[in-house]
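Undergrad: data27.pdb is reproduced in full below (PDB, C-alpha atoms).
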ATOM      1  CA  GLN A  22     123.298 100.205  91.880
ATOM      2  CA  VAL A  23     119.565  99.703  91.827
ATOM      3  CA  GLN A  24     117.454 102.011  89.687
ATOM      4  CA  VAL A  25     114.316 103.334  91.323
ATOM      5  CA  VAL A  26     111.068 104.725  89.952
ATOM      6  CA  GLU A  27     108.631 106.867  91.905
ATOM      7  CA  SER A  28     104.891 107.052  91.319
ATOM      8  CA  GLY A  29     101.705 108.188  92.993
ATOM      9  CA  GLY A  30     102.050 111.956  92.950
ATOM     10  CA  GLY A  31      99.252 114.291  92.026
ATOM     11  CA  LEU A  32      97.098 117.234  93.014
ATOM     12  CA  VAL A  33      95.249 117.108  96.310
ATOM     13  CA  GLN A  34      93.464 119.607  98.520
ATOM     14  CA  ALA A  35      94.838 120.580 101.902
ATOM     15  CA  GLY A  36      93.960 117.939 104.466
ATOM     16  CA  GLY A  37      93.950 115.186 101.870
ATOM     17  CA  SER A  38      96.131 112.120 101.439
ATOM     18  CA  LEU A  39      98.406 110.586  98.842
ATOM     19  CA  ARG A  40     100.463 107.405  98.752
ATOM     20  CA  LEU A  41     103.751 107.476  96.905
ATOM     21  CA  SER A  42     105.481 104.311  95.771
ATOM     22  CA  CYS A  43     109.134 103.602  95.121
ATOM     23  CA  ALA A  44     109.831 100.590  92.947
ATOM     24  CA  ALA A  45     113.086  98.908  91.985
ATOM     25  CA  SER A  46     113.815  98.348  88.337
ATOM     26  CA  GLY A  47     114.483  94.690  87.731
ATOM     27  CA  ARG A  48     115.292  93.592  91.252
ATOM     28  CA  THR A  49     113.892  93.163  94.706
ATOM     29  CA  PHE A  50     114.114  95.758  97.439
ATOM     30  CA  VAL A  51     114.940  93.124 100.012
ATOM     31  CA  ASN A  52     118.116  94.134 101.888
ATOM     32  CA  TYR A  53     117.957  97.751 100.673
ATOM     33  CA  ALA A  54     117.492 100.762 102.918
ATOM     34  CA  ILE A  55     115.187 103.310 101.317
ATOM     35  CA  GLY A  56     114.891 107.047 101.667
ATOM     36  CA  TRP A  57     112.444 109.691 100.510
ATOM     37  CA  SER A  58     113.351 113.322  99.950
ATOM     38  CA  ARG A  59     111.552 116.322  98.485
ATOM     39  CA  GLN A  60     112.417 119.548  96.768
ATOM     40  CA  ALA A  61     110.098 122.502  96.558
ATOM     41  CA  PRO A  62     110.587 125.271  93.977
ATOM     42  CA  GLY A  63     113.351 127.618  95.042
ATOM     43  CA  LYS A  64     114.251 125.529  98.073
ATOM     44  CA  GLU A  65     116.963 123.032  98.911
ATOM     45  CA  ARG A  66     116.188 119.338  98.812
ATOM     46  CA  GLU A  67     115.049 118.016 102.178
ATOM     47  CA  PHE A  68     115.328 114.463 103.515
ATOM     48  CA  VAL A  69     111.842 113.380 104.579
ATOM     49  CA  ALA A  70     111.851 109.737 105.684
ATOM     50  CA  GLY A  71     114.085 106.683 105.771
ATOM     51  CA  ILE A  72     113.684 102.984 106.533
ATOM     52  CA  SER A  73     116.395 100.424 107.274
ATOM     53  CA  TRP A  74     116.597  97.111 105.484
ATOM     54  CA  ASN A  75     116.341  94.802 108.469
ATOM     55  CA  GLY A  76     113.797  96.214 110.890
ATOM     56  CA  GLY A  77     114.049  99.088 113.325
ATOM     57  CA  SER A  78     112.095 102.287 113.601
ATOM     58  CA  PRO A  79     111.898 104.565 110.559
ATOM     59  CA  TYR A  80     113.198 108.140 110.557
ATOM     60  CA  TYR A  81     111.042 111.189 109.806
ATOM     61  CA  VAL A  82     111.913 114.853 109.586
ATOM     62  CA  ASP A  83     110.075 116.786 112.273
ATOM     63  CA  SER A  84     107.758 118.555 109.835
ATOM     64  CA  VAL A  85     106.121 115.282 108.724
ATOM     65  CA  LYS A  86     106.090 113.288 111.956
ATOM     66  CA  GLY A  87     102.629 111.988 112.727
ATOM     67  CA  ARG A  88     101.443 112.652 109.167
ATOM     68  CA  PHE A  89     103.724 110.568 106.929
ATOM     69  CA  THR A  90     104.455 106.849 107.178
ATOM     70  CA  ILE A  91     107.135 104.953 105.285
ATOM     71  CA  PHE A  92     106.558 101.230 104.913
ATOM     72  CA  ARG A  93     107.426  98.229 102.786
ATOM     73  CA  ASP A  94     104.971  96.332 100.631
ATOM     74  CA  SER A  95     106.805  93.076 100.063
ATOM     75  CA  ALA A  96     104.069  91.656  97.862
ATOM     76  CA  LYS A  97     104.467  94.549  95.418
ATOM     77  CA  ASN A  98     108.205  95.004  95.972
ATOM     78  CA  THR A  99     107.751  98.669  96.776
ATOM     79  CA  VAL A 100     108.511 101.054  99.599
ATOM     80  CA  ASN A 101     105.670 103.488 100.063
ATOM     81  CA  LEU A 102     105.236 106.885 101.638
ATOM     82  CA  GLN A 103     101.735 107.367 102.973
ATOM     83  CA  MET A 104     101.091 111.085 103.342
ATOM     84  CA  ASN A 105      98.100 112.253 105.362
ATOM     85  CA  SER A 106      96.905 115.699 106.425
ATOM     86  CA  LEU A 107      98.770 117.248 103.525
ATOM     87  CA  GLN A 108      99.423 120.957 103.604
ATOM     88  CA  PRO A 109     100.431 123.436 100.865
ATOM     89  CA  GLU A 110     103.960 123.473 102.290
ATOM     90  CA  ASP A 111     104.242 119.781 101.398
ATOM     91  CA  THR A 112     104.136 120.730  97.720
ATOM     92  CA  ALA A 113     107.343 119.463  96.125
ATOM     93  CA  VAL A 114     108.867 116.895  93.853
ATOM     94  CA  TYR A 115     109.347 113.746  95.905
ATOM     95  CA  HIS A 116     112.277 111.447  95.188
ATOM     96  CA  CYS A 117     113.279 108.051  96.506
ATOM     97  CA  ALA A 118     116.631 106.290  96.687
ATOM     98  CA  ALA A 119     117.991 102.901  97.680
ATOM     99  CA  ALA A 120     121.159 101.992  99.590
ATOM    100  CA  GLY A 121     122.418  98.442  99.527
ATOM    101  CA  PRO A 122     122.279  95.573  99.368
ATOM    102  CA  ARG A 123     123.007  94.967 103.051
ATOM    103  CA  SER A 124     124.245  98.494 103.686
ATOM    104  CA  SER A 125     125.216  99.806 107.106
ATOM    105  CA  PHE A 126     121.533 100.725 107.623
ATOM    106  CA  ASN A 127     120.799  97.346 109.136
ATOM    107  CA  ILE A 128     118.697  98.572 112.051
ATOM    108  CA  GLN A 129     119.330 102.322 112.149
ATOM    109  CA  PRO A 130     117.577 104.044 109.241
ATOM    110  CA  PRO A 131     119.161 106.517 106.846
ATOM    111  CA  THR A 132     118.593 110.086 108.006
ATOM    112  CA  LYS A 133     120.216 112.397 105.455
ATOM    113  CA  LEU A 134     120.550 113.019 101.749
ATOM    114  CA  THR A 135     124.201 111.988 101.637
ATOM    115  CA  ASP A 136     123.312 108.488 102.864
ATOM    116  CA  PHE A 137     122.436 107.822  99.217
ATOM    117  CA  SER A 138     124.538 108.186  96.105
ATOM    118  CA  SER A 139     121.722 108.854  93.669
ATOM    119  CA  TRP A 140     118.019 109.598  93.600
ATOM    120  CA  GLY A 141     115.158 108.825  91.256
ATOM    121  CA  GLN A 142     113.560 111.327  88.893
ATOM    122  CA  GLY A 143     110.764 112.069  91.300
ATOM    123  CA  THR A 144     107.008 112.507  91.320
ATOM    124  CA  GLN A 145     105.203 115.834  91.720
ATOM    125  CA  VAL A 146     102.971 116.420  94.724
ATOM    126  CA  THR A 147     100.865 119.568  94.698
ATOM    127  CA  VAL A 148      98.685 120.522  97.655
ATOM    128  CA  SER A 149      96.158 123.273  97.076
ATOM    129  CA  SER A 150      94.842 125.474  99.866
TER     130      SER A 150
END
For this file, write the structure as structure tokens.

TA:
Amino acid sequence: QVQVVESGGGLVQAGGSLRLSCAASGRTFVNYAIGWSRQAPGKEREFVAGISWNGGSPYYVDSVKGRFTIFRDSAKNTVNLQMNSLQPEDTAVYHCAAAGPRSSFNIQPPTKLTDFSSWGQGTQVTVSS
């Protein structure tokens, strides 16, 4: 099972942007489906975005559609979450996870937390109003 490490969190004002990165420890992300989730204080973890390993349209939870973009950076061997127009309600610890290699998420992306067996430690995103 691939180990993942998240980075890129921080403090940003409402309306600002952040780019989170998910990196694999010691291996390539080729042939792995990737998911991002978040957990705000006192709330249940929420699946945010997922991308398949072999093309196809990504999945986004309704609350981030049009603001967040999940994409692969093959040169850096990362899967990133570009977050624009951030709002205070986006404040959470963001986690990534990998499913594979060559999982069932060939074209259809992962869409729920249980599509992954484990998640990374996370990176804090704080959006001030």

Undergrad: Given the file above and the PyMOL selection byres ((chain A and resi 91-101) around 10), which residues are selected, and can you give them as a PyMOL selection string?

TA: chain A and resi 25-29+40-45+48-51+54-57+69-72+74+79-81+89-90+102-104+117+119

Undergrad: Counting all atoms listed in the file, which residue out of A:Ala120, A:Leu32, A:Ala113, A:Val85 sits closest to A:Asp136?

TA: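 Ranking A:Ala120, A:Leu32, A:Ala113, A:Val85 by distance to A:Asp136, first place goes to A:Ala120.
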
Undergrad: To one decimal place, how far is atom CA of A:Gln34 from atom CA of A:Ser150 in Å?

TA: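 Atom CA of A:Gln34 sits 6.2 Å away from atom CA of A:Ser150.
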
Undergrad: Step by step: start from the point (112.6, 120.7, 96.5) in the file's coordinates, keep every protein, DNA or RNA residue that has an atom no farther than 12 Å from it, count only C-alpha atoms, and write the set as JSON, numbers by chain.

TA: {"A": [57, 58, 59, 60, 61, 62, 63, 64, 65, 66, 67, 68, 69, 110, 111, 112, 113, 114, 115, 116, 143, 144, 145, 146, 147]}

Undergrad: Point out the residue among A:Gly31, A:Val82, A:Asn52, A:Gly76 with the least atom-to-atom distance to A:Arg123, counting all atoms listed in the file.

TA: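 Checking each candidate against A:Arg123, we get A:Asn52 as the closest.
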
Undergrad: Could you pull the residues within 7 Å of A:Ser149, counting all atoms listed in the file, minus those fewer than 3 positions along the same chain, as JSON, numbers by chain?

TA: {"A": [33, 34, 35, 109]}

Undergrad: Around all the atoms of stretch 54-71 of chain A listed in the file, with 6 Å of room on each side, what axis-aligned box do you get, giving centre and edge lengths in Å to one decimal, as JSON?

TA:
{"center_x": 113.8, "center_y": 114.2, "center_z": 99.9, "size_x": 19.4, "size_y": 38.9, "size_z": 23.8}

Undergrad: Please indicate the distance in Å from atom CA of A:Ala118 to atom CA of A:Gly30, rounded to one decimal place.

TA: 16.1 Å

Undergrad: For the file shown, report as number ranges by chain the outcome of the PyMOL selection byres ((chain A and resi 22) around 9) at residue level.

TA: A: 23-24, 119-122, 139

Undergrad: Nearest to A:Leu39 among A:Ser125, A:Ser84, A:Gln108, A:Ser73, with distances taken over all atoms listed in the file: which residue is it?

TA: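 That would be A:Gln108, the residue with the smallest distance to A:Leu39.
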
Undergrad: Which residue is closest to A:Thr132? Choose from A:Asn105, A:Gly47, A:Asp83, A:Arg88 and count all atoms listed in the file.

TA: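 Between A:Asn105, A:Gly47, A:Asp83, A:Arg88, the residue approaching A:Thr132 most closely is A:Asp83.
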
Undergrad: Rounded to one decimal, what separation in Å do you get between atom CA of A:Leu134 and atom CA of A:Asn75?

TA: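 Distance reported for this atom pair: 19.9 Å.
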
Undergrad: So which one's closest to A:Pro130, A:Ser46, A:Tyr53, A:Val148, A:Gly87? Using only C-alpha atoms, please.

TA: A:Tyr53
